[in-house]
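**Q** The structure under discussion is supplied below as C-alpha cells; questions concerning it will follow.
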Amino acid sequence: QVQILESGGGLVQPGGSLRLSCVASGPGFSSFAMGWFRQAPGKERELVAAITWSAGATYYSDSVKGRFTISKKTAPNIADLQMNNLRPEDPDIYCCVADSTSIENMKSPRYANSRWGQGTQVTVSS
C-alpha cells in the first residue's frame with residue numbers, strides 16, 4: 001500500500017509561483033511513476049506532469065508545458081511540482097498519485113478518474 005502526503009498549496013496572484021511536494025512510501029518504488037493530477041469543478045481530471053522513478057523520464061500536458069517542472073528526490077521519495085506563471089484558469093485541486101504503472105497509462109482518462117486522493121488546493125486570484 002502506497003502512502004501519499006501532499007503539501008504546498010495556497011493562494012497566489014496571477015503570474016506567481018508555487019511548489020507542491022508529494023512524499024510517497026511503499027514497496028517496490030523503483031518501478032513506480034509519480035504523477036500530479038488536477039481537476040477544476042465541472043472539468044475532467046487531467047494529468048499535468050509525471051515522472052518515472054527509475055529513469056526520471058517526464059511528461060507534461062500541453063496546458064502546463066514550459067511553466068511547470070516535476071522533479072524527484074529519493075530517501076524519502078518526493079516528487080515536487082514547481083509551478084511558475086500561474087494563471088487564473090489553472091484549476092485548483094491538485095492530487096499526487098504514485099503507482100506501479102506507466103506514464104502512458106496515467107494519461108488515460110480512465111486512469112485519471114480511478115485515482116484520487118485528498119489533494120492540495122491551489123488558488124490563483126488577484
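Residues in the C-alpha cells are named by chain (A, B, ... in the order shown) and by number from 1 within that chain; ligands are numbered from 1 in the order shown.
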Give me the residues of range 76-119 of chain A that have any atom at most 8 Å from an atom of range 52-70 of chain A; for each, the nearest atom pair and the distance in Å, rounded to one decimal. Use only C-alpha atoms, sort by chain and number, and format it as CSV.
**A**
residue,atom,partner,partner_atom,distance
A:Ala79,CA,A:Ile70,CA,6.8
A:Asp80,CA,A:Ile70,CA,5.6
A:Leu81,CA,A:Ile70,CA,4.6
A:Gln82,CA,A:Thr69,CA,5.1
A:Met83,CA,A:Phe68,CA,4.5
A:Asn84,CA,A:Arg67,CA,5.1
A:Asn85,CA,A:Arg67,CA,6.2
A:Leu86,CA,A:Arg67,CA,7.8
A:Ser102,CA,A:Thr52,CA,7.7
A:Ile103,CA,A:Thr52,CA,7.3
**Q** Identify, with DSSP run on backbone atoms, the residues in chain A assigned to helix (DSSP H, G or I), and express the list as a list in words.
**A** Phe29, Ser30, Ser31, Ile103, Glu104, Asn105, Met106, Lys107, Pro109, Arg110, Tyr111, Ala112, Asn113 and Ser114 of chain A
**Q** Save the residues we just selected, N, CA and C atoms, as an mmCIF file, in the first residue's frame?
**A**
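What ended up in selection_24.cif:
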data_model
loop_
_atom_site.group_PDB
_atom_site.id
_atom_site.type_symbol
_atom_site.label_atom_id
_atom_site.label_comp_id
_atom_site.auth_asym_id
_atom_site.auth_seq_id
_atom_site.Cartn_x
_atom_site.Cartn_y
_atom_site.Cartn_z
ATOM 1 N N PHE A 29 9.387 0.674 -5.041
ATOM 2 C CA PHE A 29 9.229 2.012 -5.608
ATOM 3 C C PHE A 29 10.011 2.219 -6.892
ATOM 4 N N SER A 30 11.030 1.443 -7.126
ATOM 5 C CA SER A 30 11.848 1.653 -8.316
ATOM 6 C C SER A 30 11.053 1.471 -9.605
ATOM 7 N N SER A 31 9.941 0.761 -9.549
ATOM 8 C CA SER A 31 9.126 0.528 -10.745
ATOM 9 C C SER A 31 7.968 1.503 -10.857
ATOM 10 N N ILE A 103 3.626 5.993 -17.477
ATOM 11 C CA ILE A 103 3.081 7.331 -17.682
ATOM 12 C C ILE A 103 1.972 7.292 -18.720
ATOM 13 N N GLU A 104 2.120 6.472 -19.743
ATOM 14 C CA GLU A 104 1.078 6.368 -20.771
ATOM 15 C C GLU A 104 -0.251 5.952 -20.148
ATOM 16 N N ASN A 105 -0.220 5.040 -19.220
ATOM 17 C CA ASN A 105 -1.452 4.627 -18.553
ATOM 18 C C ASN A 105 -2.007 5.749 -17.687
ATOM 19 N N MET A 106 -1.130 6.487 -17.044
ATOM 20 C CA MET A 106 -1.581 7.600 -16.198
ATOM 21 C C MET A 106 -2.271 8.673 -17.038
ATOM 22 N N LYS A 107 -1.911 8.802 -18.301
ATOM 23 C CA LYS A 107 -2.505 9.831 -19.158
ATOM 24 C C LYS A 107 -3.939 9.515 -19.554
ATOM 25 N N PRO A 109 -7.871 8.936 -19.530
ATOM 26 C CA PRO A 109 -8.967 9.440 -18.683
ATOM 27 C C PRO A 109 -9.473 8.375 -17.712
ATOM 28 N N ARG A 110 -9.474 7.132 -18.159
ATOM 29 C CA ARG A 110 -9.954 6.067 -17.281
ATOM 30 C C ARG A 110 -9.093 5.985 -16.019
ATOM 31 N N TYR A 111 -7.778 6.077 -16.190
ATOM 32 C CA TYR A 111 -6.906 6.023 -15.021
ATOM 33 C C TYR A 111 -7.124 7.253 -14.148
ATOM 34 N N ALA A 112 -7.186 8.422 -14.773
ATOM 35 C CA ALA A 112 -7.342 9.661 -14.005
ATOM 36 C C ALA A 112 -8.604 9.617 -13.157
ATOM 37 N N ASN A 113 -9.649 9.058 -13.691
ATOM 38 C CA ASN A 113 -10.912 9.022 -12.950
ATOM 39 C C ASN A 113 -10.935 7.944 -11.874
ATOM 40 N N SER A 114 -9.978 7.029 -11.923
ATOM 41 C CA SER A 114 -9.985 5.949 -10.935
ATOM 42 C C SER A 114 -9.100 6.235 -9.732
#
**Q** Work out how far apart CA of Glu6 in chain A and CA of Val23 in chain A are and give it in Å to one decimal.
**A**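 Interatomic distance, CA of Glu6 in chain A to CA of Val23 in chain A: 6.5 Å.
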**Q** Kindly give the distance, in Å, that separates CA of Gln3 in chain A and CA of Ala49 in chain A, rounded to a single decimal.
**A**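 Atom-to-atom, CA of Gln3 in chain A to CA of Ala49 in chain A, that is 19.3 Å.
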**Q** Which one of A:Ser126, A:Gln39, A:Thr120, A:Ser108 sits closest to Leu18 in chain A if you count only C-alpha atoms?
**A**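 Result for the nearest residue to Leu18 in chain A: A:Thr120.
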**Q** So that I can check the surroundings of Gln118 in chain A, please list as a list in words every protein, DNA and RNA residue that reaches within 10 Å of it, counting only C-alpha atoms and ignoring chain neighbours fewer than 5 positions away.
**A**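 In the requested format, the answer is Ile4, Leu5, Glu6, Ile93, Tyr94, Cys95 and Cys96 of chain A.
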**Q** My list of candidates is A:Thr74, A:Ser25, A:Ser125, A:Ser17. Which is closest to Val97 in chain A when distances are computed with only C-alpha atoms?
**A**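 Closest to Val97 in chain A, using only C-alpha atoms: A:Ser25.
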**Q** Residues of range 20-125 of chain A in strand (DSSP E) according to DSSP, as a ChimeraX atom specification?
**A** /A:20-25,33-39,46-52,58-60,68-73,77-83,93-99,120-124
